[in-house]
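Student: Structure in structure tokens, see below.
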Amino acid sequence: MNNVVFLPGSPALIPELSPSDEASRRLLSSAVEVISHATTPSDRPIHVVSSRDKRWYTAHKGSLRAWGAPQVNVEDGHYLGELVARYVLSHANISQSAVAETRAHIGELNSEALTIIVVDGSAGLTARAPLALLDSA
């Protein structure tokens with residue numbers, strides 16, 4: 001499958017939210033590289049699949065204001081996963097207009113489109129995790 005990319009949905013991927021976290025910078029760099037290669041041909045439509053749970057919603061369209069970075073704007077989107085995907089796309093120099101569809105479920109994959117699936121793991125698996133180490137994670 002060369003038309004599906006999985007991205008972490010953590011806001012730590014955004015340097016403006018974790019400016020001194022070298023691991024996050026490396027992860028962003030890798031994500032940008034993968035997306036850059038996956039968007040060939042350049043006119044390939046992009047579909048973004050991410051959680052639409054209300055806890056990841058912001059009324060600030062295209063903004064990471066709700067997560068502490070009001071200066072970061074990616075033009076569109078209201079859910080954290082979509083905002084993270086759009087941020088990575090912008091750093092890969094991919095126009096926001098390439099995002100043809102956003103949705104909550106994988107559903108049928110369009111073989112002509114690049115589908116970016118934003119996934120989220122436990123927030124407490126290590127001491128560096130967003131919630132620190134949680135024994136129950």
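As shown in the structure tokens, the chain order sets the letters A, B, ...; within each chain, residues go from 1, and ligands are also counted from 1 in the order they appear.
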Compile the contact shell of segment 6-20 of chain A as a PDB file with N, CA and C atoms, in the first residue's frame: residues with an atom at most 6 Å away, counting only C-alpha atoms, same-chain residues fewer than 6 positions apart removed.
Tutor:
ATOM      1  N   LEU A  28       8.719  14.905  13.683  1.00  0.00           N
ATOM      2  CA  LEU A  28       8.133  15.804  12.691  1.00  0.00           C
ATOM      3  C   LEU A  28       8.911  15.722  11.384  1.00  0.00           C
ATOM      4  N   GLY A  81      -6.434  15.886  15.646  1.00  0.00           N
ATOM      5  CA  GLY A  81      -5.768  15.014  14.686  1.00  0.00           C
ATOM      6  C   GLY A  81      -5.674  15.637  13.304  1.00  0.00           C
ATOM      7  N   ILE A 116      -4.275   9.811   5.030  1.00  0.00           N
ATOM      8  CA  ILE A 116      -3.472  10.003   6.237  1.00  0.00           C
ATOM      9  C   ILE A 116      -4.345   9.619   7.425  1.00  0.00           C
ATOM     10  N   ILE A 117      -3.917   8.601   8.153  1.00  0.00           N
ATOM     11  CA  ILE A 117      -4.658   8.137   9.318  1.00  0.00           C
ATOM     12  C   ILE A 117      -3.902   8.589  10.562  1.00  0.00           C
ATOM     13  N   VAL A 118      -4.544   9.445  11.329  1.00  0.00           N
ATOM     14  CA  VAL A 118      -3.929   9.994  12.533  1.00  0.00           C
ATOM     15  C   VAL A 118      -4.330   9.107  13.704  1.00  0.00           C
ATOM     16  N   VAL A 119      -3.322   8.540  14.353  1.00  0.00           N
ATOM     17  CA  VAL A 119      -3.562   7.618  15.457  1.00  0.00           C
ATOM     18  C   VAL A 119      -3.015   8.199  16.747  1.00  0.00           C
ATOM     19  N   ASP A 120      -3.565   7.735  17.836  1.00  0.00           N
ATOM     20  CA  ASP A 120      -3.136   8.219  19.137  1.00  0.00           C
ATOM     21  C   ASP A 120      -2.930   7.020  20.045  1.00  0.00           C
TER      22      ASP A 120
END
Student: Based on the backbone DSSP call, show me all residues of segment 2-129 of chain A assigned alpha helix (DSSP H), as a VMD selection string.
Tutor: chain A and resid 22 to 38 80 to 91
Student: For segment 96-108 of chain A, list every protein, DNA or RNA residue within 6 Å, evaluated using only C-alpha atoms, and leave out those in the same chain fewer than 5 positions away; present the list as a PDB file with C-alpha atoms, in the first residue's frame.
Tutor:
ATOM      1  CA  PRO A  45      -6.064  14.225  -3.361  1.00  0.00           C
ATOM      2  CA  ILE A  46      -5.510  13.814   0.368  1.00  0.00           C
ATOM      3  CA  HIS A  47      -7.978  12.310   2.828  1.00  0.00           C
ATOM      4  CA  VAL A  48      -7.431  12.774   6.572  1.00  0.00           C
ATOM      5  CA  VAL A  49      -8.907  10.299   9.043  1.00  0.00           C
ATOM      6  CA  SER A  50      -8.835  11.265  12.725  1.00  0.00           C
ATOM      7  CA  SER A  51     -10.884  11.114  15.886  1.00  0.00           C
ATOM      8  CA  ARG A  52     -13.930  13.340  16.007  1.00  0.00           C
TER       9      ARG A  52
END
Student: Which residues are close to Pro70 of chain A, i.e. within 12 Å by only C-alpha atoms, leaving aside same-chain residues fewer than 3 positions away? Reply as JSON, numbers by chain.
Tutor: {"A": [16, 17, 58, 60, 61, 62, 63, 64, 65, 66, 67, 73, 74]}
Student: Just give me the gap between atom CA of Pro41 of chain A and atom CA of Val88 of chain A in Å, one decimal is fine.
Tutor: 17.7 Å
Student: Looking at only C-alpha atoms, which of A:Asn93, A:Glu22, A:Asp53, A:Leu114 is the one that sits closest to Leu80 of chain A?
Tutor: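 Using only C-alpha atoms, Leu80 of chain A sits closest to A:Asp53.
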